[in-house]
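K.L.:
To start, I am sharing the structure in question, which I have written as C-alpha coordinates.
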Amino acid sequence: MADLSPENKLLVNHLQDKLLEILNEAKKVEFLLLQRFGENSETLISLEQLTEISEQAREGFFQINNLQIHIAEAQPVISASLLQFIHQVIDKIEKRIPALQQSIKEIKLDWSLS
(Lines give C-alpha, C1' and ligand atoms only; values in the text may rest on other atoms or scores of the structure.)
Protein backbone atom coordinates (compact mmCIF):
# COMPACT_ATOMS: atom_id res chain seq x y z
CA MET A 1 0.00 0.00 0.00
CA ALA A 2 1.25 3.48 -0.87
CA ASP A 3 1.93 5.64 2.12
CA LEU A 4 3.69 8.81 3.23
CA SER A 5 6.55 8.75 5.67
CA PRO A 6 5.54 9.27 9.33
CA GLU A 7 7.18 12.72 9.23
CA ASN A 8 5.20 13.75 6.16
CA LYS A 9 1.97 12.40 7.68
CA LEU A 10 2.55 14.55 10.76
CA LEU A 11 3.32 17.55 8.60
CA VAL A 12 0.19 17.09 6.49
CA ASN A 13 -1.99 16.73 9.59
CA HIS A 14 -0.35 19.79 11.14
CA LEU A 15 -1.01 21.84 7.99
CA GLN A 16 -4.65 20.75 7.94
CA ASP A 17 -5.03 21.78 11.58
CA LYS A 18 -3.41 25.16 10.90
CA LEU A 19 -5.64 25.80 7.90
CA LEU A 20 -8.75 24.97 9.94
CA GLU A 21 -7.55 27.31 12.71
CA ILE A 22 -7.06 30.09 10.14
CA LEU A 23 -10.51 29.51 8.64
CA ASN A 24 -12.09 29.53 12.09
CA GLU A 25 -10.24 32.67 13.18
CA ALA A 26 -11.05 34.54 9.96
CA LYS A 27 -14.74 33.75 10.34
CA LYS A 28 -14.67 34.72 14.03
CA VAL A 29 -13.04 38.06 13.24
CA GLU A 30 -15.49 38.63 10.39
CA PHE A 31 -18.39 38.02 12.79
CA LEU A 32 -16.93 40.37 15.42
CA LEU A 33 -16.27 43.08 12.84
CA LEU A 34 -19.83 42.87 11.51
CA GLN A 35 -21.29 42.73 15.00
CA ARG A 36 -19.40 45.77 16.29
CA PHE A 37 -19.15 47.98 13.22
CA GLY A 38 -21.58 46.61 10.64
CA GLU A 39 -21.05 46.35 6.93
CA ASN A 40 -20.18 49.76 5.57
CA SER A 41 -17.61 51.52 3.42
CA GLU A 42 -15.10 51.53 6.28
CA THR A 43 -15.31 47.80 7.03
CA LEU A 44 -15.75 46.57 3.45
CA ILE A 45 -12.04 46.15 2.66
CA SER A 46 -11.36 44.20 5.86
CA LEU A 47 -14.42 42.02 5.30
CA GLU A 48 -13.26 41.27 1.75
CA GLN A 49 -9.78 40.42 3.04
CA LEU A 50 -11.26 38.04 5.62
CA THR A 51 -13.34 36.36 2.93
CA GLU A 52 -10.21 35.90 0.81
CA ILE A 53 -8.28 34.52 3.78
CA SER A 54 -11.11 32.06 4.45
CA GLU A 55 -11.16 30.98 0.81
CA GLN A 56 -7.41 30.46 0.71
CA ALA A 57 -7.48 28.40 3.92
CA ARG A 58 -10.38 26.32 2.59
CA GLU A 59 -8.63 25.79 -0.75
CA GLY A 60 -5.42 24.68 0.95
CA PHE A 61 -7.35 22.28 3.16
CA PHE A 62 -9.10 20.78 0.14
CA GLN A 63 -5.78 20.46 -1.71
CA ILE A 64 -4.36 18.43 1.15
CA ASN A 65 -7.47 16.27 1.33
CA ASN A 66 -7.29 15.59 -2.40
CA LEU A 67 -3.62 14.69 -2.08
CA GLN A 68 -4.45 12.23 0.67
CA ILE A 69 -7.01 10.57 -1.62
CA HIS A 70 -4.45 10.34 -4.43
CA ILE A 71 -1.92 8.87 -2.02
CA ALA A 72 -4.41 6.27 -0.82
CA GLU A 73 -5.22 5.33 -4.42
CA ALA A 74 -1.56 5.10 -5.48
CA GLN A 75 -0.61 1.45 -5.59
CA PRO A 76 1.69 -0.19 -4.80
CA VAL A 77 3.86 2.87 -4.08
CA ILE A 78 3.65 6.62 -4.56
CA SER A 79 5.09 7.60 -7.93
CA ALA A 80 7.98 10.02 -8.05
CA SER A 81 5.85 12.61 -9.85
CA LEU A 82 3.08 12.39 -7.23
CA LEU A 83 5.63 12.62 -4.44
CA GLN A 84 7.15 15.69 -6.05
CA PHE A 85 3.71 17.25 -6.40
CA ILE A 86 2.95 16.49 -2.75
CA HIS A 87 6.11 18.27 -1.66
CA GLN A 88 5.28 21.26 -3.87
CA VAL A 89 1.81 21.59 -2.36
CA ILE A 90 3.16 21.20 1.17
CA ASP A 91 5.84 23.83 0.51
CA LYS A 92 3.30 26.25 -0.96
CA ILE A 93 0.92 25.85 1.97
CA GLU A 94 3.71 26.09 4.56
CA LYS A 95 4.78 29.40 3.04
CA ARG A 96 1.22 30.74 2.83
CA ILE A 97 0.10 30.01 6.40
CA PRO A 98 2.19 32.73 8.14
CA ALA A 99 0.93 35.36 5.69
CA LEU A 100 -2.69 34.39 6.32
CA GLN A 101 -2.14 34.44 10.08
CA GLN A 102 -0.46 37.83 9.88
CA SER A 103 -3.28 39.28 7.79
CA ILE A 104 -5.83 38.24 10.40
CA LYS A 105 -3.66 39.70 13.16
CA GLU A 106 -3.40 43.03 11.32
CA ILE A 107 -7.15 43.24 10.77
CA LYS A 108 -7.73 42.54 14.47
CA LEU A 109 -5.26 45.27 15.42
CA ASP A 110 -6.75 47.76 12.94
CA TRP A 111 -10.21 47.31 14.46
CA SER A 112 -9.13 46.65 18.06
CA LEU A 113 -10.71 43.21 18.03
CA SER A 114 -9.55 40.49 20.39
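Residue numbering restarts at 1 for every chain of the C-alpha coordinates, chains are lettered A, B, ... in their displayed order, and ligands are numbered from 1 as they appear.
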Leaving out A:Ala99 and any residue of its chain fewer than 5 positions from it, which residues lie within 12 Å of it when counting only C-alpha atoms, given as a PDB file with all heavy atoms, in the first residue's frame?
P.N.:
```
ATOM      1  N   LEU A  19      -4.706  25.209   8.858  1.00  0.00           N
ATOM      2  CA  LEU A  19      -5.644  25.798   7.905  1.00  0.00           C
ATOM      3  C   LEU A  19      -7.046  25.903   8.506  1.00  0.00           C
ATOM      4  O   LEU A  19      -7.743  26.899   8.307  1.00  0.00           O
ATOM      5  CB  LEU A  19      -5.661  24.998   6.605  1.00  0.00           C
ATOM      6  CG  LEU A  19      -4.386  25.116   5.774  1.00  0.00           C
ATOM      7  CD1 LEU A  19      -4.343  24.055   4.699  1.00  0.00           C
ATOM      8  CD2 LEU A  19      -4.253  26.509   5.170  1.00  0.00           C
ATOM      9  N   ILE A  22      -7.013  28.826  10.883  1.00  0.00           N
ATOM     10  CA  ILE A  22      -7.063  30.086  10.142  1.00  0.00           C
ATOM     11  C   ILE A  22      -8.480  30.357   9.668  1.00  0.00           C
ATOM     12  O   ILE A  22      -8.998  31.480   9.808  1.00  0.00           O
ATOM     13  CB  ILE A  22      -6.068  30.065   8.959  1.00  0.00           C
ATOM     14  CG1 ILE A  22      -4.639  30.127   9.487  1.00  0.00           C
ATOM     15  CG2 ILE A  22      -6.348  31.206   7.977  1.00  0.00           C
ATOM     16  CD1 ILE A  22      -3.578  29.811   8.462  1.00  0.00           C
ATOM     17  N   ILE A  53      -9.065  35.366   2.869  1.00  0.00           N
ATOM     18  CA  ILE A  53      -8.282  34.523   3.775  1.00  0.00           C
ATOM     19  C   ILE A  53      -9.002  33.198   3.999  1.00  0.00           C
ATOM     20  O   ILE A  53      -8.391  32.124   3.928  1.00  0.00           O
ATOM     21  CB  ILE A  53      -8.036  35.251   5.118  1.00  0.00           C
ATOM     22  CG1 ILE A  53      -7.077  36.428   4.918  1.00  0.00           C
ATOM     23  CG2 ILE A  53      -7.497  34.285   6.176  1.00  0.00           C
ATOM     24  CD1 ILE A  53      -7.062  37.412   6.076  1.00  0.00           C
ATOM     25  N   GLN A  56      -8.743  31.039   0.882  1.00  0.00           N
ATOM     26  CA  GLN A  56      -7.415  30.460   0.711  1.00  0.00           C
ATOM     27  C   GLN A  56      -7.172  29.319   1.690  1.00  0.00           C
ATOM     28  O   GLN A  56      -6.577  28.302   1.322  1.00  0.00           O
ATOM     29  CB  GLN A  56      -6.342  31.538   0.881  1.00  0.00           C
ATOM     30  CG  GLN A  56      -6.278  32.496  -0.284  1.00  0.00           C
ATOM     31  CD  GLN A  56      -5.159  33.496  -0.133  1.00  0.00           C
ATOM     32  OE1 GLN A  56      -4.080  33.175   0.344  1.00  0.00           O
ATOM     33  NE2 GLN A  56      -5.407  34.723  -0.544  1.00  0.00           N
ATOM     34  N   ALA A  57      -7.625  29.471   2.926  1.00  0.00           N
ATOM     35  CA  ALA A  57      -7.476  28.398   3.921  1.00  0.00           C
ATOM     36  C   ALA A  57      -8.292  27.178   3.496  1.00  0.00           C
ATOM     37  O   ALA A  57      -7.819  26.038   3.573  1.00  0.00           O
ATOM     38  CB  ALA A  57      -7.905  28.884   5.291  1.00  0.00           C
ATOM     39  N   LYS A  92       4.139  25.085  -0.672  1.00  0.00           N
ATOM     40  CA  LYS A  92       3.300  26.254  -0.962  1.00  0.00           C
ATOM     41  C   LYS A  92       2.425  26.604   0.237  1.00  0.00           C
ATOM     42  O   LYS A  92       2.335  27.766   0.639  1.00  0.00           O
ATOM     43  CB  LYS A  92       2.432  25.963  -2.189  1.00  0.00           C
ATOM     44  CG  LYS A  92       1.450  27.029  -2.549  1.00  0.00           C
ATOM     45  CD  LYS A  92       0.611  26.590  -3.726  1.00  0.00           C
ATOM     46  CE  LYS A  92      -0.756  27.223  -3.663  1.00  0.00           C
ATOM     47  NZ  LYS A  92      -1.703  26.627  -4.575  1.00  0.00           N
ATOM     48  N   ILE A  93       1.810  25.607   0.832  1.00  0.00           N
ATOM     49  CA  ILE A  93       0.923  25.850   1.972  1.00  0.00           C
ATOM     50  C   ILE A  93       1.719  26.302   3.194  1.00  0.00           C
ATOM     51  O   ILE A  93       1.299  27.218   3.908  1.00  0.00           O
ATOM     52  CB  ILE A  93       0.063  24.606   2.258  1.00  0.00           C
ATOM     53  CG1 ILE A  93      -0.940  24.408   1.114  1.00  0.00           C
ATOM     54  CG2 ILE A  93      -0.652  24.726   3.599  1.00  0.00           C
ATOM     55  CD1 ILE A  93      -1.703  23.110   1.156  1.00  0.00           C
ATOM     56  N   GLU A  94       2.872  25.681   3.430  1.00  0.00           N
ATOM     57  CA  GLU A  94       3.713  26.094   4.560  1.00  0.00           C
ATOM     58  C   GLU A  94       4.107  27.557   4.456  1.00  0.00           C
ATOM     59  O   GLU A  94       4.182  28.263   5.465  1.00  0.00           O
ATOM     60  CB  GLU A  94       4.989  25.246   4.621  1.00  0.00           C
ATOM     61  CG  GLU A  94       4.825  23.901   5.245  1.00  0.00           C
ATOM     62  CD  GLU A  94       6.151  23.158   5.338  1.00  0.00           C
ATOM     63  OE1 GLU A  94       6.876  23.080   4.315  1.00  0.00           O
ATOM     64  OE2 GLU A  94       6.455  22.670   6.428  1.00  0.00           O
ATOM     65  N   ILE A 104      -4.775  38.239   9.384  1.00  0.00           N
ATOM     66  CA  ILE A 104      -5.832  38.240  10.399  1.00  0.00           C
ATOM     67  C   ILE A 104      -5.412  39.091  11.595  1.00  0.00           C
ATOM     68  O   ILE A 104      -6.192  39.910  12.102  1.00  0.00           O
ATOM     69  CB  ILE A 104      -6.169  36.808  10.853  1.00  0.00           C
ATOM     70  CG1 ILE A 104      -6.816  36.024   9.715  1.00  0.00           C
ATOM     71  CG2 ILE A 104      -7.095  36.827  12.070  1.00  0.00           C
ATOM     72  CD1 ILE A 104      -6.979  34.536   9.990  1.00  0.00           C
ATOM     73  N   LYS A 105      -4.173  38.925  12.021  1.00  0.00           N
ATOM     74  CA  LYS A 105      -3.665  39.695  13.164  1.00  0.00           C
ATOM     75  C   LYS A 105      -3.735  41.199  12.883  1.00  0.00           C
ATOM     76  O   LYS A 105      -4.143  41.985  13.744  1.00  0.00           O
ATOM     77  CB  LYS A 105      -2.221  39.284  13.452  1.00  0.00           C
ATOM     78  CG  LYS A 105      -1.634  39.940  14.676  1.00  0.00           C
ATOM     79  CD  LYS A 105      -0.175  39.579  14.872  1.00  0.00           C
ATOM     80  CE  LYS A 105      -0.079  38.220  15.514  1.00  0.00           C
ATOM     81  NZ  LYS A 105       1.315  37.865  15.867  1.00  0.00           N
ATOM     82  N   GLU A 106      -3.371  41.613  11.678  1.00  0.00           N
ATOM     83  CA  GLU A 106      -3.396  43.031  11.321  1.00  0.00           C
ATOM     84  C   GLU A 106      -4.812  43.586  11.302  1.00  0.00           C
ATOM     85  O   GLU A 106      -5.054  44.709  11.765  1.00  0.00           O
ATOM     86  CB  GLU A 106      -2.707  43.249   9.980  1.00  0.00           C
ATOM     87  CG  GLU A 106      -1.207  43.057  10.054  1.00  0.00           C
ATOM     88  CD  GLU A 106      -0.520  43.093   8.694  1.00  0.00           C
ATOM     89  OE1 GLU A 106      -1.183  43.406   7.679  1.00  0.00           O
ATOM     90  OE2 GLU A 106       0.693  42.792   8.652  1.00  0.00           O
TER      91      GLU A 106
END
```
K.L.:
Which residues are close to A:Lys108, i.e. within 10 Å by only C-alpha atoms, leaving aside same-chain residues fewer than 4 positions away? Reply as a list in words.
P.N.:
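Answer for this query is Ala26, Val29, Glu30, Leu32, Leu33, Ser46, Gln102, Ser103, Ile104, Ser112, Leu113 and Ser114 of chain A.
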K.L.:
I need the residues of chain A that end up classed as alpha helix (DSSP H) by DSSP on the backbone, written out as a ChimeraX atom specification.
P.N.:
/A:6-37,44-73,80-110
K.L.:
Report as a list in words all protein, DNA and RNA residues lying within 12 Å of A:Ser81, evaluated on only C-alpha atoms, omitting residues in the same chain fewer than 5 positions from it.
P.N.:
His70, Ile71, Ala74, Ile86, His87 and Gln88 of chain A
K.L.:
Quick check, in Å to one decimal: how far apart do atom CA of A:Leu50 and atom CA of A:Ile97 lie?
P.N.:
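The value is 13.9 Å.
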